[in-house]
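Everything on this sheet refers to the single structure shown next.
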Amino acid sequence: MLVHPARVCPLSQNAPRRGPVVYWMTREQRAADNWGLLHAAGLAKQDRVPLAVLFALAPTYPGATTRHSDFMLRGLAETEAALRAHNIPIFLVPGDPAATVPAFLHQIGAGTCVTDFDPMRSKRRWQGAVAAAFAGALVEVDGHNVVPCRTASPRRDYAAATLRPKIHRVLAEFLEPFPELPRFAAANLDACDPVDWAAAADAATADPAVPPVSPVADLIPGTAAAKAALADFATNRLPGYATRRNDPNAGAVSGLSPYFHFGQLAPQRAALDILAAKDRAPADADAYLEELIIRRELADNFCHYTPDYDQFSALPDWAQKTLAAHAGDARPSVYAPAAFEAGATHSALWNAAQGQLVRTGRIHGYMRMYWAKKILEWSASPQAAIDIALTQNDRYALDGRDPNGVVGVLWSVGGLHDRPWAARPVYGQVRYMNERGCRRKFDVNAYIAGNR
């Protein structure tokens, strides 16, 4: 099936050539509910040529650890099984994707390569290298956003208030059911041996500049686990979500962000399932869909249209001015990055949030805001705070190295997608949070006790 044309964007000027279609899987690591794979399959069926899936395993990825590679590779093993059930092979190629992807495409004589939309800098660098080296057509499909990023807005949006009406105007057009992935002839698997995922895990190396981080034992990766988690949330935790989501002790959140980040679950699948459950909890469903669609797609919008998305220069002008004006303010404490990493601040609440992140690979959304704002308050400069918060989030969080993490940190530290508030030391007019506010919202002592 060929997908909605607004999801598809050419990344090179080359016309398609006769030859196999390759789906270069990057952001969307699943067989079902995958618009990029469906588009590649439709092209292959239309031209009566073979279809192959390629996954390029980079030797290192900035900030990546064994925690991330373990979750990703175990999920990919399940994806391979689902693909092979449709007679679609997957090839795992180690090395720098900028070199290995064009080499693979040339080796098999590919005519078209379809890949995933991804606004992160490293992925765009890989895409540019492949576009320059591949003689066939390279096209990108946005299978992550319900409304494709470029369709939703042609520019960086100031806030959710400006992006929301743009998305809602066309949401019904794109929020459609997923078709089934077509099955190919058995010959499509000829001479395509299964991947040795255990060997791939042994060969996968973390960024040598990053301290070792162990896998998370209590979270099962893969599409089956993701769909089970979605069903559990829709049945058991969606009712009451709007009022309980900001209590980190309530266990009310969906827990789906690692699955979204690794592409093991389509956000559109979650949206469809939550809409199906809306009659039971309409206000709660609306609250979740606002986060799932509007806020998540606002993060992609920011990173896509902001090349320096992880820098102080990416903040709104008002925030840059107010933070610069207060850059010389005395800090109550200034901690080195190692102290933040070790959870060795004077605040038991902040240390508990860091402990939750390090131990579980997850941090409650409300606590991530408090956590990042205190890094601003206790760092030598706003840019230092951005660097420290992103490093810690990307290193330990299973949903790190993601537009949502970038935007979450820049919202907290630099007022991104927010408005000016009353001025105070260090923060200037950036929104302030403190422990007293947390204590009004939830049982702080219980949270600390549970995350020592």
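Order determines the names: the first chain of the structure tokens is A, the second B, and so forth; residues in each chain are numbered 1 upward, and ligands are numbered 1 upward as they are shown.
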
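By chain and then residue number, the residues within 8 Å of segment 190-195 of chain A are Glu80, Pro89, Ile90, Phe91, Leu92 and Ala186 of chain A, counting only C-alpha atoms and disregarding those fewer than 4 positions away in sequence.
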
Discussion item. Would you pick out the contacts of Ala52 of chain A at 12 Å or less, using only C-alpha atoms, so that residues sharing its chain but fewer than 4 positions from it are not included, and give the list as an MDAnalysis selection string?
Written reply: chainID A and resid 19:25 37 40:41 43:44 80 83:84 86:92 104:105 108:114 184 187:190 192

Could those selected residues go to a file with N, CA and C atoms, as an mmCIF file, in the first residue's frame?
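Output (again_4.cif):
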data_model
loop_
_atom_site.group_PDB
_atom_site.id
_atom_site.type_symbol
_atom_site.label_atom_id
_atom_site.label_comp_id
_atom_site.auth_asym_id
_atom_site.auth_seq_id
_atom_site.Cartn_x
_atom_site.Cartn_y
_atom_site.Cartn_z
ATOM 1 N N GLY A 19 14.997 -2.123 -9.618
ATOM 2 C CA GLY A 19 15.770 -2.887 -8.663
ATOM 3 C C GLY A 19 15.003 -3.053 -7.368
ATOM 4 N N PRO A 20 15.514 -3.833 -6.436
ATOM 5 C CA PRO A 20 14.821 -4.060 -5.165
ATOM 6 C C PRO A 20 14.529 -2.757 -4.424
ATOM 7 N N VAL A 21 13.456 -2.771 -3.648
ATOM 8 C CA VAL A 21 13.139 -1.675 -2.735
ATOM 9 C C VAL A 21 13.699 -2.038 -1.368
ATOM 10 N N VAL A 22 14.401 -1.102 -0.754
ATOM 11 C CA VAL A 22 14.960 -1.305 0.579
ATOM 12 C C VAL A 22 14.302 -0.329 1.543
ATOM 13 N N TYR A 23 13.790 -0.868 2.637
ATOM 14 C CA TYR A 23 13.312 -0.016 3.724
ATOM 15 C C TYR A 23 14.436 0.071 4.752
ATOM 16 N N TRP A 24 15.064 1.233 4.832
ATOM 17 C CA TRP A 24 16.127 1.480 5.811
ATOM 18 C C TRP A 24 15.467 1.902 7.117
ATOM 19 N N MET A 25 15.311 0.934 7.996
ATOM 20 C CA MET A 25 14.613 1.119 9.268
ATOM 21 C C MET A 25 15.529 1.862 10.248
ATOM 22 N N LEU A 37 7.415 1.282 6.226
ATOM 23 C CA LEU A 37 7.474 -0.081 5.719
ATOM 24 C C LEU A 37 6.319 -0.346 4.760
ATOM 25 N N ALA A 40 7.198 1.235 1.458
ATOM 26 C CA ALA A 40 8.208 0.436 0.750
ATOM 27 C C ALA A 40 7.583 -0.833 0.182
ATOM 28 N N ALA A 41 6.730 -1.487 0.961
ATOM 29 C CA ALA A 41 6.072 -2.703 0.481
ATOM 30 C C ALA A 41 5.172 -2.401 -0.715
ATOM 31 N N LEU A 43 5.565 0.024 -2.916
ATOM 32 C CA LEU A 43 6.415 0.254 -4.086
ATOM 33 C C LEU A 43 6.918 -1.070 -4.665
ATOM 34 N N ALA A 44 7.339 -1.981 -3.781
ATOM 35 C CA ALA A 44 7.855 -3.266 -4.248
ATOM 36 C C ALA A 44 6.764 -4.076 -4.943
ATOM 37 N N GLU A 80 12.178 -8.870 13.580
ATOM 38 C CA GLU A 80 12.614 -9.773 12.513
ATOM 39 C C GLU A 80 11.654 -10.946 12.360
ATOM 40 N N LEU A 83 8.622 -9.819 10.552
ATOM 41 C CA LEU A 83 8.902 -9.581 9.135
ATOM 42 C C LEU A 83 9.020 -10.886 8.355
ATOM 43 N N ARG A 84 9.728 -11.842 8.924
ATOM 44 C CA ARG A 84 9.926 -13.111 8.218
ATOM 45 C C ARG A 84 8.602 -13.868 8.057
ATOM 46 N N HIS A 86 6.090 -12.541 7.075
ATOM 47 C CA HIS A 86 5.564 -11.963 5.832
ATOM 48 C C HIS A 86 6.556 -12.142 4.686
ATOM 49 N N ASN A 87 7.545 -13.024 4.891
ATOM 50 C CA ASN A 87 8.578 -13.301 3.881
ATOM 51 C C ASN A 87 9.381 -12.056 3.501
ATOM 52 N N ILE A 88 9.652 -11.233 4.511
ATOM 53 C CA ILE A 88 10.465 -10.028 4.325
ATOM 54 C C ILE A 88 11.735 -10.192 5.152
ATOM 55 N N PRO A 89 12.905 -10.174 4.524
ATOM 56 C CA PRO A 89 14.141 -10.332 5.289
ATOM 57 C C PRO A 89 14.608 -9.010 5.885
ATOM 58 N N ILE A 90 15.346 -9.103 6.969
ATOM 59 C CA ILE A 90 16.010 -7.935 7.528
ATOM 60 C C ILE A 90 17.503 -8.209 7.539
ATOM 61 N N PHE A 91 18.275 -7.227 7.156
ATOM 62 C CA PHE A 91 19.729 -7.322 7.132
ATOM 63 C C PHE A 91 20.287 -6.364 8.174
ATOM 64 N N LEU A 92 21.136 -6.879 9.027
ATOM 65 C CA LEU A 92 21.806 -6.062 10.037
ATOM 66 C C LEU A 92 23.227 -5.793 9.556
ATOM 67 N N PHE A 104 25.539 -1.081 0.985
ATOM 68 C CA PHE A 104 24.535 -2.145 0.915
ATOM 69 C C PHE A 104 23.597 -1.921 -0.267
ATOM 70 N N LEU A 105 23.134 -0.694 -0.438
ATOM 71 C CA LEU A 105 22.217 -0.390 -1.539
ATOM 72 C C LEU A 105 22.875 -0.676 -2.887
ATOM 73 N N ILE A 108 23.229 -4.666 -3.561
ATOM 74 C CA ILE A 108 22.044 -5.428 -3.992
ATOM 75 C C ILE A 108 21.362 -4.795 -5.202
ATOM 76 N N GLY A 109 21.898 -3.697 -5.699
ATOM 77 C CA GLY A 109 21.310 -3.046 -6.863
ATOM 78 C C GLY A 109 19.968 -2.414 -6.588
ATOM 79 N N ALA A 110 19.823 -1.810 -5.415
ATOM 80 C CA ALA A 110 18.538 -1.230 -5.027
ATOM 81 C C ALA A 110 18.141 -0.101 -5.968
ATOM 82 N N GLY A 111 16.859 -0.013 -6.222
ATOM 83 C CA GLY A 111 16.342 1.070 -7.051
ATOM 84 C C GLY A 111 15.790 2.221 -6.241
ATOM 85 N N THR A 112 15.200 1.898 -5.080
ATOM 86 C CA THR A 112 14.618 2.905 -4.193
ATOM 87 C C THR A 112 14.921 2.532 -2.747
ATOM 88 N N CYS A 113 15.235 3.530 -1.963
ATOM 89 C CA CYS A 113 15.412 3.336 -0.520
ATOM 90 C C CYS A 113 14.417 4.231 0.196
ATOM 91 N N VAL A 114 13.634 3.618 1.079
ATOM 92 C CA VAL A 114 12.660 4.341 1.902
ATOM 93 C C VAL A 114 13.182 4.343 3.328
ATOM 94 N N PHE A 184 4.795 -11.319 1.127
ATOM 95 C CA PHE A 184 5.528 -11.497 -0.121
ATOM 96 C C PHE A 184 5.715 -12.982 -0.411
ATOM 97 N N ALA A 187 10.001 -16.715 -2.095
ATOM 98 C CA ALA A 187 11.291 -16.482 -2.762
ATOM 99 C C ALA A 187 11.942 -15.186 -2.308
ATOM 100 N N ASN A 188 11.153 -14.281 -1.715
ATOM 101 C CA ASN A 188 11.728 -13.025 -1.221
ATOM 102 C C ASN A 188 12.722 -13.263 -0.089
ATOM 103 N N LEU A 189 12.639 -14.457 0.541
ATOM 104 C CA LEU A 189 13.560 -14.802 1.635
ATOM 105 C C LEU A 189 14.740 -15.646 1.165
ATOM 106 N N ASP A 190 14.801 -15.963 -0.105
ATOM 107 C CA ASP A 190 15.859 -16.849 -0.601
ATOM 108 C C ASP A 190 17.239 -16.301 -0.244
ATOM 109 N N CYS A 192 18.526 -15.535 2.460
ATOM 110 C CA CYS A 192 18.539 -14.488 3.489
ATOM 111 C C CYS A 192 18.443 -15.161 4.852
#

Worksheet item: So which residues of segment 230-388 of chain A fall under helix (DSSP H, G or I) by DSSP, listed as a PyMOL selection string?
Response: chain A and resi 230-237+241-244+257-261+267-276+278-280+282-305+312-314+317-325+337-342+348-360+365-377+382-388

Item to complete: Find the residues near segment 309-322 of chain A: any atom within 8 Å, counting only C-alpha atoms, skip ones fewer than 4 places away on the same chain, and give them as an MDAnalysis selection string.
Response: chainID A and resid 302:303 326 382:383 386:387 406 410 414:416 420 427:430

Worksheet, complete the sentence: Closest of A:Ala32, A:Ala270, A:Leu51, A:Ala6 to Glu140 of chain A, counting only C-alpha atoms, is A:Ala6

Fill in: Test item: residues at most 12 Å from Arg295 of chain A, only C-alpha atoms, excluding those fewer than 5 positions along its chain, as a PyMOL selection string
chain A and resi 145-146+157+159-164+167+267+287-290+300-302+403-405+407-408+411+417

For the residues in the current selection, export N, CA and C atoms as a PDB file, in the first residue's frame.
ATOM      1  N   ASN A 145       4.797  10.832  13.505  1.00  0.00           N
ATOM      2  CA  ASN A 145       3.781  11.817  13.847  1.00  0.00           C
ATOM      3  C   ASN A 145       2.455  11.447  13.213  1.00  0.00           C
ATOM      4  N   VAL A 146       1.386  11.629  13.958  1.00  0.00           N
ATOM      5  CA  VAL A 146       0.066  11.357  13.390  1.00  0.00           C
ATOM      6  C   VAL A 146      -0.162  12.285  12.203  1.00  0.00           C
ATOM      7  N   ASP A 157       7.073  26.407  15.536  1.00  0.00           N
ATOM      8  CA  ASP A 157       5.947  27.023  16.228  1.00  0.00           C
ATOM      9  C   ASP A 157       6.354  27.536  17.592  1.00  0.00           C
ATOM     10  N   ALA A 159       4.535  27.812  20.361  1.00  0.00           N
ATOM     11  CA  ALA A 159       3.996  27.088  21.520  1.00  0.00           C
ATOM     12  C   ALA A 159       2.937  26.109  21.048  1.00  0.00           C
ATOM     13  N   ALA A 160       2.471  25.287  21.982  1.00  0.00           N
ATOM     14  CA  ALA A 160       1.394  24.348  21.664  1.00  0.00           C
ATOM     15  C   ALA A 160       0.161  25.088  21.159  1.00  0.00           C
ATOM     16  N   ALA A 161      -0.065  26.306  21.664  1.00  0.00           N
ATOM     17  CA  ALA A 161      -1.253  27.065  21.272  1.00  0.00           C
ATOM     18  C   ALA A 161      -1.254  27.408  19.791  1.00  0.00           C
ATOM     19  N   THR A 162      -0.073  27.535  19.179  1.00  0.00           N
ATOM     20  CA  THR A 162      -0.032  27.848  17.751  1.00  0.00           C
ATOM     21  C   THR A 162      -0.054  26.593  16.886  1.00  0.00           C
ATOM     22  N   LEU A 163       0.499  25.479  17.396  1.00  0.00           N
ATOM     23  CA  LEU A 163       0.510  24.246  16.612  1.00  0.00           C
ATOM     24  C   LEU A 163      -0.803  23.485  16.718  1.00  0.00           C
ATOM     25  N   ARG A 164      -1.468  23.574  17.856  1.00  0.00           N
ATOM     26  CA  ARG A 164      -2.677  22.773  18.104  1.00  0.00           C
ATOM     27  C   ARG A 164      -3.749  22.972  17.034  1.00  0.00           C
ATOM     28  N   ILE A 167      -2.846  21.247  13.733  1.00  0.00           N
ATOM     29  CA  ILE A 167      -2.986  19.791  13.763  1.00  0.00           C
ATOM     30  C   ILE A 167      -4.453  19.397  13.743  1.00  0.00           C
ATOM     31  N   PRO A 267       2.902   5.907  17.811  1.00  0.00           N
ATOM     32  CA  PRO A 267       2.014   6.835  18.520  1.00  0.00           C
ATOM     33  C   PRO A 267       0.603   6.849  17.931  1.00  0.00           C
ATOM     34  N   ALA A 287      -6.931  14.503  27.763  1.00  0.00           N
ATOM     35  CA  ALA A 287      -5.680  14.939  28.392  1.00  0.00           C
ATOM     36  C   ALA A 287      -4.498  14.140  27.864  1.00  0.00           C
ATOM     37  N   TYR A 288      -4.696  12.829  27.704  1.00  0.00           N
ATOM     38  CA  TYR A 288      -3.600  12.003  27.192  1.00  0.00           C
ATOM     39  C   TYR A 288      -3.321  12.292  25.722  1.00  0.00           C
ATOM     40  N   LEU A 289      -4.369  12.467  24.915  1.00  0.00           N
ATOM     41  CA  LEU A 289      -4.180  12.735  23.494  1.00  0.00           C
ATOM     42  C   LEU A 289      -3.501  14.083  23.263  1.00  0.00           C
ATOM     43  N   GLU A 290      -3.746  15.041  24.122  1.00  0.00           N
ATOM     44  CA  GLU A 290      -3.031  16.321  24.029  1.00  0.00           C
ATOM     45  C   GLU A 290      -1.528  16.101  24.175  1.00  0.00           C
ATOM     46  N   ASP A 300       8.894  17.397  17.880  1.00  0.00           N
ATOM     47  CA  ASP A 300       9.464  17.127  16.565  1.00  0.00           C
ATOM     48  C   ASP A 300       9.540  18.402  15.735  1.00  0.00           C
ATOM     49  N   ASN A 301       8.521  19.233  15.826  1.00  0.00           N
ATOM     50  CA  ASN A 301       8.516  20.510  15.110  1.00  0.00           C
ATOM     51  C   ASN A 301       9.720  21.351  15.521  1.00  0.00           C
ATOM     52  N   PHE A 302       9.986  21.429  16.805  1.00  0.00           N
ATOM     53  CA  PHE A 302      11.103  22.242  17.296  1.00  0.00           C
ATOM     54  C   PHE A 302      12.439  21.723  16.787  1.00  0.00           C
ATOM     55  N   PRO A 403      13.573  13.939  20.626  1.00  0.00           N
ATOM     56  CA  PRO A 403      13.061  15.313  20.651  1.00  0.00           C
ATOM     57  C   PRO A 403      12.299  15.655  21.925  1.00  0.00           C
ATOM     58  N   ASN A 404      11.568  14.709  22.482  1.00  0.00           N
ATOM     59  CA  ASN A 404      10.808  15.012  23.697  1.00  0.00           C
ATOM     60  C   ASN A 404      11.720  15.305  24.879  1.00  0.00           C
ATOM     61  N   GLY A 405      12.864  14.610  24.949  1.00  0.00           N
ATOM     62  CA  GLY A 405      13.812  14.903  26.007  1.00  0.00           C
ATOM     63  C   GLY A 405      14.439  16.266  25.827  1.00  0.00           C
ATOM     64  N   VAL A 407      13.170  18.912  24.266  1.00  0.00           N
ATOM     65  CA  VAL A 407      12.189  19.950  24.555  1.00  0.00           C
ATOM     66  C   VAL A 407      11.854  19.996  26.039  1.00  0.00           C
ATOM     67  N   GLY A 408      11.791  18.836  26.689  1.00  0.00           N
ATOM     68  CA  GLY A 408      11.527  18.831  28.120  1.00  0.00           C
ATOM     69  C   GLY A 408      12.595  19.575  28.902  1.00  0.00           C
ATOM     70  N   TRP A 411      12.378  23.411  27.896  1.00  0.00           N
ATOM     71  CA  TRP A 411      11.221  24.029  28.558  1.00  0.00           C
ATOM     72  C   TRP A 411      11.553  24.347  30.011  1.00  0.00           C
ATOM     73  N   HIS A 417       8.604  27.152  24.645  1.00  0.00           N
ATOM     74  CA  HIS A 417       7.161  26.889  24.526  1.00  0.00           C
ATOM     75  C   HIS A 417       6.385  27.351  25.770  1.00  0.00           C
TER      76      HIS A 417
END

Discussion item. Would you pick out the contacts of Gly75 of chain A at 8 Å or less, using only C-alpha atoms, so that residues sharing its chain but fewer than 3 positions from it are not included, and give the list as JSON, numbers by chain?
Written reply: {"A": [29, 71, 72, 78, 79, 221, 222, 223, 264]}

Put those residues in a file: C-alpha atoms, as a short mmCIF file (atom, residue, chain, number, x, y, z; two decimals), in the first residue's frame.
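Printed below is result.cif as written:
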data_model
loop_
_atom_site.label_atom_id
_atom_site.label_comp_id
_atom_site.auth_asym_id
_atom_site.auth_seq_id
_atom_site.Cartn_x
_atom_site.Cartn_y
_atom_site.Cartn_z
CA GLN A 29 11.57 -0.43 14.58
CA PHE A 71 16.44 -2.71 24.70
CA MET A 72 16.77 -1.96 20.99
CA GLU A 78 10.98 -9.69 17.67
CA THR A 79 10.58 -7.40 14.66
CA PRO A 221 11.12 -4.53 25.02
CA GLY A 222 9.32 -5.24 21.76
CA THR A 223 6.02 -4.61 20.06
CA GLN A 264 8.33 -0.47 18.91
#

Response to the item:
Restricting to only C-alpha atoms, whichever of A:Leu181, A:Val170, A:Ala330, A:Ile294 is closest to Ala380 of chain A is A:Ala330

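Across A:Glu341, A:Asp286, A:Glu28, A:Glu377, the tightest approach to Val210 of chain A is made by A:Glu341 when counting only C-alpha atoms.
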
Fill in: A:Gln127, A:Thr235, A:Ser153, A:Thr115 ranked by distance to Tyr305 of chain A, top pick (using only C-alpha atoms)
A:Ser153

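The environment of His39 of chain A within 8 Å, counting only C-alpha atoms and disregarding residues fewer than 6 places along the same chain, consists of Met1, Leu2, Val3, Val114 and Val141 of chain A.
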
Worksheet item: Neighbours of Gly143 of chain A within 10 Å (only C-alpha atoms; same-chain residues fewer than 4 positions away dropped), as a ChimeraX atom specification?
Response: /A:3,7-8,27-28,33-38,115-118,147-149,263,266-268

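Interatomic distance, atom CA of Ala348 of chain A to atom CA of Ile375 of chain A: 14.0 Å.
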
Worksheet item: Looking at A:Phe55, A:Tyr366, A:Tyr335, A:Phe134, which one is nearest to Ala353 of chain A, with distances taken over only C-alpha atoms?
Response: A:Tyr366

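Note that atom CA of Tyr447 of chain A and atom CA of Ala250 of chain A are 10.1 Å apart.
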